[in-house]
>>> print(open('my_file28.pdb').read())   # PDB, C-alpha atoms
ATOM      1  CA  THR U   1       9.060  -7.453  18.893
ATOM      2  CA  THR U   2      12.804  -7.935  18.940
ATOM      3  CA  ILE U   3      13.029  -8.303  15.157
ATOM      4  CA  TYR U   4      11.092  -5.062  14.656
ATOM      5  CA  LYS U   5      13.431  -3.216  17.013
ATOM      6  CA  MET U   6      16.435  -4.589  15.117
ATOM      7  CA  GLN U   7      14.935  -3.438  11.808
ATOM      8  CA  LYS U   8      14.234   0.057  13.156
ATOM      9  CA  THR U   9      17.773   0.352  14.549
ATOM     10  CA  PHE U  10      19.226  -0.763  11.205
ATOM     11  CA  GLN U  11      16.961   1.738   9.439
ATOM     12  CA  ARG U  12      18.047   4.583  11.723
ATOM     13  CA  ILE U  13      21.744   3.827  11.136
ATOM     14  CA  PHE U  14      21.745   3.055   7.391
ATOM     15  CA  GLY U  15      18.612   4.881   6.185
ATOM     16  CA  PHE U  16      16.866   1.779   4.861
ATOM     17  CA  THR U  17      15.718  -1.531   6.247
ATOM     18  CA  LEU U  18      16.019  -5.095   5.083
ATOM     19  CA  PRO U  19      12.949  -7.292   5.065
ATOM     20  CA  LEU U  20      13.313 -10.210   7.442
ATOM     21  CA  PHE U  21      11.302 -13.264   6.522
ATOM     22  CA  HIS U  22      11.214 -16.960   7.041
ATOM     23  CA  GLY U  23       9.537 -19.894   5.394
ATOM     24  CA  ARG U  24       9.940 -23.567   4.776
ATOM     25  CA  GLY U  25      12.936 -25.336   3.338
ATOM     26  CA  LEU U  26      13.249 -27.399   0.202
ATOM     27  CA  LEU U  27      13.523 -30.676   2.076
ATOM     28  CA  THR U  28      12.447 -29.584   5.559
ATOM     29  CA  TYR U  29       9.366 -27.680   6.595
ATOM     30  CA  ASN U  30      10.805 -25.936   9.658
ATOM     31  CA  VAL U  31      13.534 -23.602   8.406
ATOM     32  CA  GLY U  32      14.120 -22.076   4.988
ATOM     33  CA  LEU U  33      13.355 -19.253   2.586
ATOM     34  CA  LEU U  34      10.664 -20.824   0.414
ATOM     35  CA  PRO U  35       7.121 -19.578   1.052
ATOM     36  CA  PHE U  36       4.811 -21.697   3.146
ATOM     37  CA  ARG U  37       2.275 -23.699   1.155
ATOM     38  CA  HIS U  38      -1.132 -22.043   0.958
ATOM     39  CA  PRO U  39      -3.829 -22.536  -1.641
ATOM     40  CA  ILE U  40      -4.201 -19.713  -4.149
ATOM     41  CA  VAL U  41      -7.698 -19.028  -5.435
ATOM     42  CA  SER U  42      -8.385 -16.964  -8.557
ATOM     43  CA  VAL U  43     -11.891 -15.914  -9.476
ATOM     44  CA  VAL U  44     -12.486 -14.449 -12.926
ATOM     45  CA  GLY U  45     -15.498 -12.347 -13.776
ATOM     46  CA  ARG U  46     -17.372 -11.716 -16.973
ATOM     47  CA  PRO U  47     -15.492  -9.870 -19.714
ATOM     48  CA  ILE U  48     -16.131  -6.168 -20.166
ATOM     49  CA  ALA U  49     -16.382  -4.981 -23.763
ATOM     50  CA  VAL U  50     -14.153  -1.963 -24.327
ATOM     51  CA  THR U  51     -13.757   0.019 -27.520
ATOM     52  CA  GLN U  52     -10.142   0.986 -28.119
ATOM     53  CA  SER U  53      -9.638   4.717 -28.530
ATOM     54  CA  ASP U  54      -6.580   6.959 -28.582
ATOM     55  CA  LYS U  55      -8.478   9.691 -26.736
ATOM     56  CA  PRO U  56     -11.394   8.235 -24.783
ATOM     57  CA  THR U  57     -13.859  10.677 -23.275
ATOM     58  CA  LYS U  58     -14.153  11.038 -19.530
ATOM     59  CA  GLU U  59     -17.750   9.797 -19.706
ATOM     60  CA  TYR U  60     -16.667   6.614 -21.507
ATOM     61  CA  VAL U  61     -13.913   5.918 -18.977
ATOM     62  CA  GLU U  62     -16.385   6.418 -16.119
ATOM     63  CA  GLN U  63     -18.876   4.101 -17.860
ATOM     64  CA  VAL U  64     -16.292   1.316 -18.204
ATOM     65  CA  GLN U  65     -15.151   1.895 -14.628
ATOM     66  CA  ALA U  66     -18.762   1.563 -13.423
ATOM     67  CA  GLN U  67     -19.071  -1.760 -15.292
ATOM     68  CA  TYR U  68     -15.803  -2.953 -13.733
ATOM     69  CA  ILE U  69     -16.909  -2.005 -10.206
ATOM     70  CA  GLU U  70     -20.320  -3.618 -10.762
ATOM     71  CA  GLU U  71     -18.656  -6.887 -11.828
ATOM     72  CA  LEU U  72     -16.173  -6.701  -8.957
ATOM     73  CA  VAL U  73     -19.019  -6.329  -6.431
ATOM     74  CA  ARG U  74     -20.913  -9.196  -8.091
ATOM     75  CA  ILE U  75     -17.870 -11.478  -7.823
ATOM     76  CA  TRP U  76     -17.335 -10.484  -4.180
ATOM     77  CA  ASP U  77     -20.973 -11.086  -3.251
ATOM     78  CA  THR U  78     -20.976 -14.453  -5.048
ATOM     79  CA  TYR U  79     -17.761 -15.910  -3.637
ATOM     80  CA  LYS U  80     -17.107 -14.148  -0.323
ATOM     81  CA  ASP U  81     -18.715 -16.882   1.791
ATOM     82  CA  THR U  82     -16.931 -19.626  -0.137
ATOM     83  CA  TYR U  83     -13.362 -18.293  -0.198
ATOM     84  CA  ALA U  84     -13.299 -15.631   2.541
ATOM     85  CA  ARG U  85     -15.221 -17.252   5.385
ATOM     86  CA  GLU U  86     -12.948 -15.841   8.067
ATOM     87  CA  ARG U  87     -12.845 -12.299   6.679
ATOM     88  CA  THR U  88     -12.608  -9.459   9.152
ATOM     89  CA  SER U  89     -14.120  -6.795   6.895
ATOM     90  CA  GLU U  90     -16.226  -6.400   3.786
ATOM     91  CA  LEU U  91     -15.250  -5.085   0.363
ATOM     92  CA  LYS U  92     -14.544  -1.345   0.495
ATOM     93  CA  LEU U  93     -14.399   0.774  -2.656
ATOM     94  CA  ILE U  94     -12.503   4.045  -2.353
ATOM     95  CA  ASP U  95     -13.349   6.959  -4.640
TER      96      ASP U  95
END
>>> encode(input="my_file28.pdb", output="structure tokens")
Amino acid sequence: TTIYKMQKTFQRIFGFTLPLFHGRGLLTYNVGLLPFRHPIVSVVGRPIAVTQSDKPTKEYVEQVQAQYIEELVRIWDTYKDTYARERTSELKLID
């Protein structure tokens, strides 16, 4: 796009680029810098009990991480059809 070309030219000349964005106005909805209105959904899972330690073992950290990932997958499977109906991909966990 034209804006992208302008950003790349600016970046080539000055070594950095400025983010260009637009949104709605305070009193108008066509032009401004405020973000567009979109609903924000927060889903909170079950708490994970963690024992505080100055030097936790690797096994303990991996155990807590496994509990976290298990709860994250449970939340995704429970709410994905409610809040992410138009998703283009599934949850991907990277090692």
>>> closest_residue(input="my_file28.pdb", among="U:Ile94, U:Val50, U:Trp76, U:Gly23", to="Arg37 in chain U", atoms="all atoms listed in the file")
U:Gly23
>>> closest_residue(input="my_file28.pdb", among="U:Leu93, U:Ala49, U:Val41, U:His22", to="Lys80 in chain U", atoms="only C-alpha atoms")
U:Val41
>>> closest_residue(input="my_file28.pdb", among="U:Val31, U:Leu26, U:Leu72, U:Ile13", to="Ile48 in chain U", atoms="all atoms listed in the file")
U:Leu72
>>> closest_residue(input="my_file28.pdb", among="U:Thr51, U:Pro19, U:His38, U:Thr9", to="Gln63 in chain U", atoms="only C-alpha atoms")
U:Thr51
>>> atom_distance(input="my_file28.pdb", atom1="CA of Asn30 in chain U", atom2="CA of Lys5 in chain U")
24.0 Å
>>> closest_residue(input="my_file28.pdb", among="U:Thr17, U:Phe10, U:Tyr29, U:Arg46", to="Glu70 in chain U", atoms="all atoms listed in the file")
U:Arg46
>>> axis_aligned_box(input="my_file28.pdb", around="range 12-16 of chain U", padding_each_side="5 Å", output="AutoDock Vina command-line options")
--center_x 19.3 --center_y 3.3 --center_z 8.3 --size_x 14.9 --size_y 13.1 --size_z 16.9
>>> atom_distance(input="my_file28.pdb", atom1="CA of Val44 in chain U", atom2="CA of Ala66 in chain U")
17.2 Å
>>> closest_residue(input="my_file28.pdb", among="U:Ile40, U:Met6, U:Leu34, U:Leu91", to="Ile69 in chain U", atoms="only C-alpha atoms")
U:Leu91
>>> atom_distance(input="my_file28.pdb", atom1="CA of Pro35 in chain U", atom2="CA of Phe21 in chain U")
9.3 Å
>>> build_atoms(input="my_file28.pdb", residues="range 29-45 of chain U", atoms="N, CA and C atoms", output="compact mmCIF listing (two decimals), keeping the file's coordinate frame")
# COMPACT_ATOMS: atom_id res chain seq x y z
N TYR U 29 10.46 -28.65 6.52
CA TYR U 29 9.37 -27.68 6.60
C TYR U 29 9.54 -26.70 7.75
N ASN U 30 10.63 -26.79 8.49
CA ASN U 30 10.80 -25.94 9.66
C ASN U 30 11.57 -24.66 9.37
N VAL U 31 12.67 -24.76 8.62
CA VAL U 31 13.53 -23.60 8.41
C VAL U 31 13.85 -23.49 6.92
N GLY U 32 13.77 -22.29 6.38
CA GLY U 32 14.12 -22.08 4.99
C GLY U 32 13.60 -20.75 4.48
N LEU U 33 13.77 -20.52 3.19
CA LEU U 33 13.36 -19.25 2.59
C LEU U 33 12.22 -19.41 1.59
N LEU U 34 11.79 -20.63 1.31
CA LEU U 34 10.66 -20.82 0.41
C LEU U 34 9.37 -20.43 1.12
N PRO U 35 8.38 -19.95 0.40
CA PRO U 35 7.12 -19.58 1.05
C PRO U 35 6.40 -20.82 1.57
N PHE U 36 5.64 -20.62 2.63
CA PHE U 36 4.81 -21.70 3.15
C PHE U 36 3.74 -22.03 2.11
N ARG U 37 3.29 -23.27 2.11
CA ARG U 37 2.28 -23.70 1.16
C ARG U 37 0.90 -23.24 1.61
N HIS U 38 0.23 -22.49 0.74
CA HIS U 38 -1.13 -22.04 0.96
C HIS U 38 -1.85 -22.11 -0.38
N PRO U 39 -3.11 -22.51 -0.37
CA PRO U 39 -3.83 -22.54 -1.64
C PRO U 39 -4.05 -21.12 -2.18
N ILE U 40 -3.95 -20.99 -3.48
CA ILE U 40 -4.20 -19.71 -4.15
C ILE U 40 -5.48 -19.87 -4.97
N VAL U 41 -6.41 -18.97 -4.75
CA VAL U 41 -7.70 -19.03 -5.44
C VAL U 41 -7.81 -17.82 -6.35
N SER U 42 -8.14 -18.05 -7.60
CA SER U 42 -8.38 -16.96 -8.56
C SER U 42 -9.81 -17.07 -9.05
N VAL U 43 -10.52 -15.97 -8.98
CA VAL U 43 -11.89 -15.91 -9.48
C VAL U 43 -11.92 -14.91 -10.62
N VAL U 44 -12.46 -15.31 -11.74
CA VAL U 44 -12.49 -14.45 -12.93
C VAL U 44 -13.93 -14.09 -13.23
N GLY U 45 -14.16 -12.82 -13.48
CA GLY U 45 -15.50 -12.35 -13.78
C GLY U 45 -15.79 -12.34 -15.26
